[in-house]
2 protein chains.
Amino acid sequence: MPRTFVVVGHRAATGPDFTVKDLPGSGGRLDVLLRCVNSAFFLSHDLRRDTVLYLVLLGGPDAPKTLRFTGSTLQHLNPDERSTALLVQKALEMKLAGPLWREAHPGIEVSQRGLADLEDALGDKDLVLLDEDGEDVAEARLDPEDDLCLVLSDHEDLTEDERALVDGWGAREVSLGPRALHADHCITLVHGWLDRA
Amino acid sequence: MPRTFVVVGHRAATGPDFTVKDLPGSGGRLDVLLRCVNSAFFLSHDLRRDTVLYLVLLGGPDAPKTLRFTGSTLQHLNPDERSTALLVQKALEMKLAGPLWREAHPGIEVSQRGLADLEDALGDKDLVLLDEDGEDVAEARLDPEDDLCLVLSDHEDLTEDERALVDGWGAREVSLGPRALHADHCITLVHGWLDRA
């Protein structure tokens with residue numbers, strides 16, 4: 001089954017006017033989200049074609065927007081942050097029509113959606129909220145045959161409203177270990193558990 | 001005990017004349033090694049002070065050089081690739097005296113060493129060579145109380161000579177799972193296993 005990840009970028013830029021020389025500052029910690037693209041898709045000399053990644057961008061100037069990366073159709077993706085930042089910048093230049101997805105690059109779509117607007121795409125999946133206080137991942141027995149959707153946050157925690165929303169979609173809470181980790185490292189660990197399951 | 005990682009960058013630049021606009025090309029896949037710095041050290045809002053990372057640089061123009069990152073003394077490290085690339089560039093500008101370590105930045109040293117020249121630093125450690133054909137990591141029971149040193153390669157496999165060298169230091173071979181992964185993802189998985197051990 002596909003593996004879906006959703007990462008909420010609370011201050012991430014929603015317009016193209018950031019500089020790739022300062023992704024953490026001008027991009028609103030867009031660097032965190034770019035590393036999630038890397039960890040979601042890259043294998044050694046291959047891409048994970050079974051993976052879909054949503055990046056929810058909630059920073060200025062045109063929030064919200066969501067980027068959808070689809071492994072089965074992704075092309076010309078390189079692992080370094082800068083080249084992926086340029087693809088994101090191109091996507092954020094597109095004229096959008098509300099919740100409709102527009103393809104900016106093969107395998108990269110963009111729409112004017114926030115987290116709540118993803119219910120049609122995510123609401124029926126087997127949702128997992130990664131949380132240090134959740135059930136230990138070894139006990140949780142994540143099953144690659146399930147239609148899993150893992151929800152993560154960037155350098156800031158999910159807001160109470162965001163948590164309530166995901167809880168309302170039936171998410172269970174799973175912990176990856178005793179230490180608080182960056183979102184991209186969490187994605188790598190989840191792939192590791194699912195690859196071995 | 002400390003956790004030590006060694007990553008061999010077979011074409012990685014050994015001089016400062018690369019551009020941060022093209023780390024994969026001009027840096028000889030330096031981007032791979034910069035992501036290893038990220039995955040070796042970053043926790044959420046913290047650094048792994050117990051970790052040491054060696055980056056062995058074997059590309060032009062002044063090979064070999066080795067960078068040593070020491071978590072207990074590292075300062076001003078940011079998670080994005082570009083800012084770490086600038087620290088590496090500064091380190092590669094330094095005048096060196098053979099195998100002596102020179103500090104280029106708090107917690108970042110550089111010397112004119114290759115992999116064989118690290119025997120005094122690594123030879124007595126509990127060496128582990130990550131290899132898809134090795135013992136499964138769940139069976140290998142990596143112990144954070146051991147003085148572990150994990151040896152990895154960049155996008156190219158270790159050469160036969162490099163493998164023979166590390167085997168000669170008594171390395172055992174461990175596999176992290178069924179899929180071939182990027183070096184930085186392997187470091188994240190190893191930290192994950194050790195954090196949970």
# chains A, B, ... in the order shown; residues from 1 in each chain; ligands from 1
>>> residues_around(residues="Ile108 of chain B", least_positions_apart="4", cutoff="9 Å", atoms="only C-alpha atoms", output="ChimeraX atom specification")
/B:67-70,73-75,87-88,91,102-104
>>> residues_around(residues="segment 175-192 of chain B", least_positions_apart="6", cutoff="7 Å", atoms="only C-alpha atoms", output="PDB file with N, CA, C and O atoms, in the first residue's frame")
ATOM      1  N   LEU A  43      16.025   6.548  -1.978  1.00  0.00           N
ATOM      2  CA  LEU A  43      16.776   5.334  -1.714  1.00  0.00           C
ATOM      3  C   LEU A  43      18.130   5.524  -2.394  1.00  0.00           C
ATOM      4  O   LEU A  43      18.320   6.460  -3.174  1.00  0.00           O
ATOM      5  N   SER A  44      19.056   4.629  -2.124  1.00  0.00           N
ATOM      6  CA  SER A  44      20.325   4.698  -2.812  1.00  0.00           C
ATOM      7  C   SER A  44      20.095   4.404  -4.301  1.00  0.00           C
ATOM      8  O   SER A  44      19.648   3.311  -4.642  1.00  0.00           O
ATOM      9  N   HIS A 185      14.105  13.150  10.087  1.00  0.00           N
ATOM     10  CA  HIS A 185      14.657  11.953  10.719  1.00  0.00           C
ATOM     11  C   HIS A 185      13.537  10.988  11.098  1.00  0.00           C
ATOM     12  O   HIS A 185      13.687   9.762  10.974  1.00  0.00           O
ATOM     13  N   THR A 188      12.566   9.023   8.037  1.00  0.00           N
ATOM     14  CA  THR A 188      13.554   7.958   7.781  1.00  0.00           C
ATOM     15  C   THR A 188      13.311   6.767   8.702  1.00  0.00           C
ATOM     16  O   THR A 188      13.367   5.605   8.273  1.00  0.00           O
ATOM     17  N   LEU A 189      13.037   7.044   9.983  1.00  0.00           N
ATOM     18  CA  LEU A 189      12.809   5.945  10.931  1.00  0.00           C
ATOM     19  C   LEU A 189      11.531   5.177  10.587  1.00  0.00           C
ATOM     20  O   LEU A 189      11.508   3.946  10.661  1.00  0.00           O
ATOM     21  N   ASP A 195      10.017  -0.868   6.127  1.00  0.00           N
ATOM     22  CA  ASP A 195      10.837  -1.714   5.242  1.00  0.00           C
ATOM     23  C   ASP A 195      11.121  -3.071   5.888  1.00  0.00           C
ATOM     24  O   ASP A 195      11.255  -4.085   5.199  1.00  0.00           O
ATOM     25  N   ARG A 196      11.228  -3.078   7.217  1.00  0.00           N
ATOM     26  CA  ARG A 196      11.597  -4.294   7.934  1.00  0.00           C
ATOM     27  C   ARG A 196      10.391  -5.106   8.374  1.00  0.00           C
ATOM     28  O   ARG A 196      10.558  -6.240   8.851  1.00  0.00           O
TER      29      ARG A 196
ATOM     30  N   ARG B  35      24.664  16.233   4.643  1.00  0.00           N
ATOM     31  CA  ARG B  35      23.467  15.650   5.262  1.00  0.00           C
ATOM     32  C   ARG B  35      23.858  14.660   6.362  1.00  0.00           C
ATOM     33  O   ARG B  35      23.107  14.489   7.321  1.00  0.00           O
ATOM     34  N   CYS B  36      25.039  14.064   6.226  1.00  0.00           N
ATOM     35  CA  CYS B  36      25.516  13.192   7.319  1.00  0.00           C
ATOM     36  C   CYS B  36      25.825  14.013   8.570  1.00  0.00           C
ATOM     37  O   CYS B  36      25.609  13.540   9.695  1.00  0.00           O
ATOM     38  N   SER B  39      22.415  14.530  10.168  1.00  0.00           N
ATOM     39  CA  SER B  39      21.796  13.367  10.817  1.00  0.00           C
ATOM     40  C   SER B  39      22.638  12.857  11.986  1.00  0.00           C
ATOM     41  O   SER B  39      22.103  12.263  12.924  1.00  0.00           O
ATOM     42  N   ALA B  40      23.932  13.117  11.959  1.00  0.00           N
ATOM     43  CA  ALA B  40      24.774  12.695  13.081  1.00  0.00           C
ATOM     44  C   ALA B  40      24.488  13.520  14.331  1.00  0.00           C
ATOM     45  O   ALA B  40      24.513  12.984  15.444  1.00  0.00           O
ATOM     46  N   LEU B 130      28.590  -0.924   7.889  1.00  0.00           N
ATOM     47  CA  LEU B 130      27.202  -1.096   7.456  1.00  0.00           C
ATOM     48  C   LEU B 130      27.206  -1.694   6.057  1.00  0.00           C
ATOM     49  O   LEU B 130      27.829  -1.163   5.139  1.00  0.00           O
ATOM     50  N   ASP B 131      26.525  -2.806   5.913  1.00  0.00           N
ATOM     51  CA  ASP B 131      26.538  -3.526   4.644  1.00  0.00           C
ATOM     52  C   ASP B 131      25.256  -4.332   4.535  1.00  0.00           C
ATOM     53  O   ASP B 131      24.836  -4.993   5.494  1.00  0.00           O
ATOM     54  N   GLU B 132      24.641  -4.239   3.364  1.00  0.00           N
ATOM     55  CA  GLU B 132      23.350  -4.929   3.178  1.00  0.00           C
ATOM     56  C   GLU B 132      23.437  -6.434   3.415  1.00  0.00           C
ATOM     57  O   GLU B 132      22.437  -7.070   3.733  1.00  0.00           O
ATOM     58  N   ASP B 133      24.625  -7.012   3.262  1.00  0.00           N
ATOM     59  CA  ASP B 133      24.782  -8.452   3.458  1.00  0.00           C
ATOM     60  C   ASP B 133      25.225  -8.815   4.875  1.00  0.00           C
ATOM     61  O   ASP B 133      25.504  -9.980   5.156  1.00  0.00           O
ATOM     62  N   GLY B 134      25.280  -7.829   5.772  1.00  0.00           N
ATOM     63  CA  GLY B 134      25.732  -8.101   7.131  1.00  0.00           C
ATOM     64  C   GLY B 134      24.631  -8.703   7.998  1.00  0.00           C
ATOM     65  O   GLY B 134      23.513  -8.969   7.544  1.00  0.00           O
ATOM     66  N   GLU B 135      24.968  -8.905   9.283  1.00  0.00           N
ATOM     67  CA  GLU B 135      24.018  -9.420  10.267  1.00  0.00           C
ATOM     68  C   GLU B 135      22.894  -8.396  10.449  1.00  0.00           C
ATOM     69  O   GLU B 135      23.143  -7.188  10.507  1.00  0.00           O
ATOM     70  N   ASP B 136      21.668  -8.867  10.562  1.00  0.00           N
ATOM     71  CA  ASP B 136      20.552  -7.938  10.739  1.00  0.00           C
ATOM     72  C   ASP B 136      20.718  -7.132  12.028  1.00  0.00           C
ATOM     73  O   ASP B 136      21.089  -7.666  13.076  1.00  0.00           O
ATOM     74  N   VAL B 137      20.400  -5.851  11.948  1.00  0.00           N
ATOM     75  CA  VAL B 137      20.643  -4.942  13.075  1.00  0.00           C
ATOM     76  C   VAL B 137      19.874  -5.358  14.333  1.00  0.00           C
ATOM     77  O   VAL B 137      20.354  -5.146  15.456  1.00  0.00           O
ATOM     78  N   LEU B 152      30.734   4.132   6.984  1.00  0.00           N
ATOM     79  CA  LEU B 152      29.785   4.210   5.866  1.00  0.00           C
ATOM     80  C   LEU B 152      30.495   4.793   4.650  1.00  0.00           C
ATOM     81  O   LEU B 152      31.544   5.429   4.765  1.00  0.00           O
ATOM     82  N   SER B 153      29.857   4.634   3.517  1.00  0.00           N
ATOM     83  CA  SER B 153      30.378   5.211   2.287  1.00  0.00           C
ATOM     84  C   SER B 153      29.365   6.215   1.727  1.00  0.00           C
ATOM     85  O   SER B 153      28.208   6.219   2.125  1.00  0.00           O
ATOM     86  N   ASP B 154      29.823   7.070   0.833  1.00  0.00           N
ATOM     87  CA  ASP B 154      28.916   8.026   0.187  1.00  0.00           C
ATOM     88  C   ASP B 154      28.117   7.297  -0.899  1.00  0.00           C
ATOM     89  O   ASP B 154      27.760   6.133  -0.736  1.00  0.00           O
TER      90      ASP B 154
END
>>> select_by_dssp(residues="chain B", states="strand (DSSP E)", output="MDAnalysis selection string")
chainID B and resid 3:9 42:43 46:47 51:57 65:70 102:105 108:111 126:136 148:153 172:175
>>> write_last_selection(atoms="C-alpha atoms", output="PDB file, in the first residue's frame")
ATOM      1  CA  ARG B   3      29.081   7.249  19.070  1.00  0.00           C
ATOM      2  CA  THR B   4      31.520   7.641  16.201  1.00  0.00           C
ATOM      3  CA  PHE B   5      30.670   7.682  12.502  1.00  0.00           C
ATOM      4  CA  VAL B   6      33.085   7.689   9.570  1.00  0.00           C
ATOM      5  CA  VAL B   7      31.843   8.536   6.089  1.00  0.00           C
ATOM      6  CA  VAL B   8      34.128   8.135   3.082  1.00  0.00           C
ATOM      7  CA  GLY B   9      33.508  10.731   0.361  1.00  0.00           C
ATOM      8  CA  PHE B  42      20.702  17.137  15.240  1.00  0.00           C
ATOM      9  CA  LEU B  43      18.018  16.449  17.766  1.00  0.00           C
ATOM     10  CA  ASP B  46      19.448  20.150  20.674  1.00  0.00           C
ATOM     11  CA  LEU B  47      22.695  18.549  19.452  1.00  0.00           C
ATOM     12  CA  THR B  51      28.691  11.951  18.779  1.00  0.00           C
ATOM     13  CA  VAL B  52      31.881  12.328  16.723  1.00  0.00           C
ATOM     14  CA  LEU B  53      31.828  12.322  12.913  1.00  0.00           C
ATOM     15  CA  TYR B  54      34.761  11.898  10.544  1.00  0.00           C
ATOM     16  CA  LEU B  55      34.312  12.918   6.901  1.00  0.00           C
ATOM     17  CA  VAL B  56      37.071  11.463   4.738  1.00  0.00           C
ATOM     18  CA  LEU B  57      37.452  13.619   1.621  1.00  0.00           C
ATOM     19  CA  LYS B  65      41.800  15.391   3.955  1.00  0.00           C
ATOM     20  CA  THR B  66      39.623  14.433   6.888  1.00  0.00           C
ATOM     21  CA  LEU B  67      37.209  16.653   8.789  1.00  0.00           C
ATOM     22  CA  ARG B  68      36.414  15.755  12.392  1.00  0.00           C
ATOM     23  CA  PHE B  69      33.185  17.080  13.963  1.00  0.00           C
ATOM     24  CA  THR B  70      33.041  16.701  17.763  1.00  0.00           C
ATOM     25  CA  ARG B 102      43.757  21.983  13.194  1.00  0.00           C
ATOM     26  CA  GLU B 103      40.572  23.534  14.530  1.00  0.00           C
ATOM     27  CA  ALA B 104      38.781  25.564  11.858  1.00  0.00           C
ATOM     28  CA  HIS B 105      35.649  26.313  13.894  1.00  0.00           C
ATOM     29  CA  ILE B 108      35.378  21.186  13.533  1.00  0.00           C
ATOM     30  CA  GLU B 109      38.976  20.103  12.876  1.00  0.00           C
ATOM     31  CA  VAL B 110      40.767  19.255   9.670  1.00  0.00           C
ATOM     32  CA  SER B 111      43.927  17.305   8.824  1.00  0.00           C
ATOM     33  CA  ASP B 126      34.114  -1.478  18.280  1.00  0.00           C
ATOM     34  CA  LEU B 127      33.951  -1.106  14.527  1.00  0.00           C
ATOM     35  CA  VAL B 128      30.823  -1.771  12.504  1.00  0.00           C
ATOM     36  CA  LEU B 129      30.705  -1.744   8.733  1.00  0.00           C
ATOM     37  CA  LEU B 130      27.202  -1.096   7.456  1.00  0.00           C
ATOM     38  CA  ASP B 131      26.538  -3.526   4.644  1.00  0.00           C
ATOM     39  CA  GLU B 132      23.350  -4.929   3.178  1.00  0.00           C
ATOM     40  CA  ASP B 133      24.782  -8.452   3.458  1.00  0.00           C
ATOM     41  CA  GLY B 134      25.732  -8.101   7.131  1.00  0.00           C
ATOM     42  CA  GLU B 135      24.018  -9.420  10.267  1.00  0.00           C
ATOM     43  CA  ASP B 136      20.552  -7.938  10.739  1.00  0.00           C
ATOM     44  CA  LEU B 148      30.983   2.013  18.631  1.00  0.00           C
ATOM     45  CA  CYS B 149      32.357   3.340  15.367  1.00  0.00           C
ATOM     46  CA  LEU B 150      30.137   2.972  12.295  1.00  0.00           C
ATOM     47  CA  VAL B 151      31.825   3.115   8.895  1.00  0.00           C
ATOM     48  CA  LEU B 152      29.785   4.210   5.866  1.00  0.00           C
ATOM     49  CA  SER B 153      30.378   5.211   2.287  1.00  0.00           C
ATOM     50  CA  ARG B 172      31.787  -6.672  11.989  1.00  0.00           C
ATOM     51  CA  GLU B 173      29.205  -6.210   9.238  1.00  0.00           C
ATOM     52  CA  VAL B 174      25.653  -5.146  10.068  1.00  0.00           C
ATOM     53  CA  SER B 175      22.629  -4.611   7.815  1.00  0.00           C
TER      54      SER B 175
END
>>> select_by_dssp(residues="chain B", states="helix (DSSP H, G or I)", output="tab-separated table (two decimals) with C-alpha atoms, in the first residue's frame")
chain	number	residue	atom	x	y	z
B	20	VAL	CA	27.57	26.26	-2.64
B	21	LYS	CA	25.25	26.68	-5.64
B	22	ASP	CA	26.38	23.30	-6.93
B	23	LEU	CA	27.45	21.11	-4.04
B	24	PRO	CA	26.64	17.84	-5.85
B	25	GLY	CA	28.73	18.74	-8.90
B	26	SER	CA	31.46	21.17	-7.88
B	30	LEU	CA	29.66	17.05	-0.79
B	31	ASP	CA	25.88	17.37	-0.28
B	32	VAL	CA	25.79	13.73	0.83
B	33	LEU	CA	28.38	14.40	3.51
B	34	LEU	CA	26.68	17.60	4.70
B	35	ARG	CA	23.47	15.65	5.26
B	36	CYS	CA	25.52	13.19	7.32
B	37	VAL	CA	26.56	16.10	9.56
B	38	ASN	CA	22.88	16.91	10.02
B	39	SER	CA	21.80	13.37	10.82
B	40	ALA	CA	24.77	12.69	13.08
B	41	PHE	CA	24.20	15.71	15.34
B	81	GLU	CA	23.11	22.19	3.92
B	82	ARG	CA	24.25	25.63	2.81
B	83	SER	CA	25.41	26.93	6.18
B	84	THR	CA	27.33	23.72	6.92
B	85	ALA	CA	28.87	23.90	3.43
B	86	LEU	CA	30.23	27.34	4.29
B	87	LEU	CA	31.83	25.95	7.49
B	88	VAL	CA	33.43	23.15	5.47
B	89	GLN	CA	34.66	25.63	2.87
B	90	LYS	CA	36.33	27.66	5.61
B	91	ALA	CA	37.97	24.51	7.02
B	116	ALA	CA	44.29	4.56	6.69
B	117	ASP	CA	45.60	7.50	8.72
B	118	LEU	CA	42.68	7.21	11.15
B	119	GLU	CA	43.93	3.97	12.69
B	120	ASP	CA	45.21	5.71	15.83
B	121	ALA	CA	41.80	7.31	16.37
B	122	LEU	CA	39.60	4.37	15.36
B	137	VAL	CA	20.64	-4.94	13.08
B	138	ALA	CA	17.95	-6.40	15.35
B	139	GLU	CA	20.12	-9.51	15.87
B	140	ALA	CA	23.36	-7.52	16.12
B	160	GLU	CA	38.22	-3.31	-1.87
B	161	ASP	CA	41.24	-1.70	-0.25
B	162	GLU	CA	39.05	0.37	2.07
B	163	ARG	CA	37.04	-2.69	3.07
B	164	ALA	CA	40.22	-4.68	3.72
B	165	LEU	CA	41.52	-1.86	5.91
B	166	VAL	CA	38.39	-1.70	8.04
B	167	ASP	CA	38.16	-5.50	8.20
B	168	GLY	CA	41.74	-5.47	9.44
B	183	ALA	CA	24.51	7.34	4.23
B	184	ASP	CA	22.69	10.08	6.17
B	185	HIS	CA	19.57	7.93	6.45
B	186	CYS	CA	21.74	5.06	7.76
B	187	ILE	CA	23.13	7.36	10.48
B	188	THR	CA	19.58	8.32	11.51
B	189	LEU	CA	18.60	4.65	11.73
B	190	VAL	CA	21.68	3.75	13.79
B	191	HIS	CA	20.94	6.57	16.24
B	192	GLY	CA	17.36	5.28	16.37
B	193	TRP	CA	18.50	1.76	17.32
B	194	LEU	CA	20.99	3.05	19.90
B	195	ASP	CA	18.49	5.50	21.43
B	196	ARG	CA	16.06	2.63	21.97
>>> atom_distance(atom1="atom CA of Glu156 of chain A", atom2="atom CA of Gly27 of chain A")
14.9 Å
>>> closest_residue(among="B:Pro106, B:Gly98, B:Pro79, B:Gly170", to="chain A", atoms="only C-alpha atoms")
B:Pro79
>>> atom_distance(atom1="atom CA of Arg29 of chain B", atom2="atom CA of Leu142 of chain B")
29.2 Å
>>> closest_residue(among="B:Pro99, B:Ala197, B:Leu92, B:Thr14", to="chain A", atoms="only C-alpha atoms")
B:Ala197
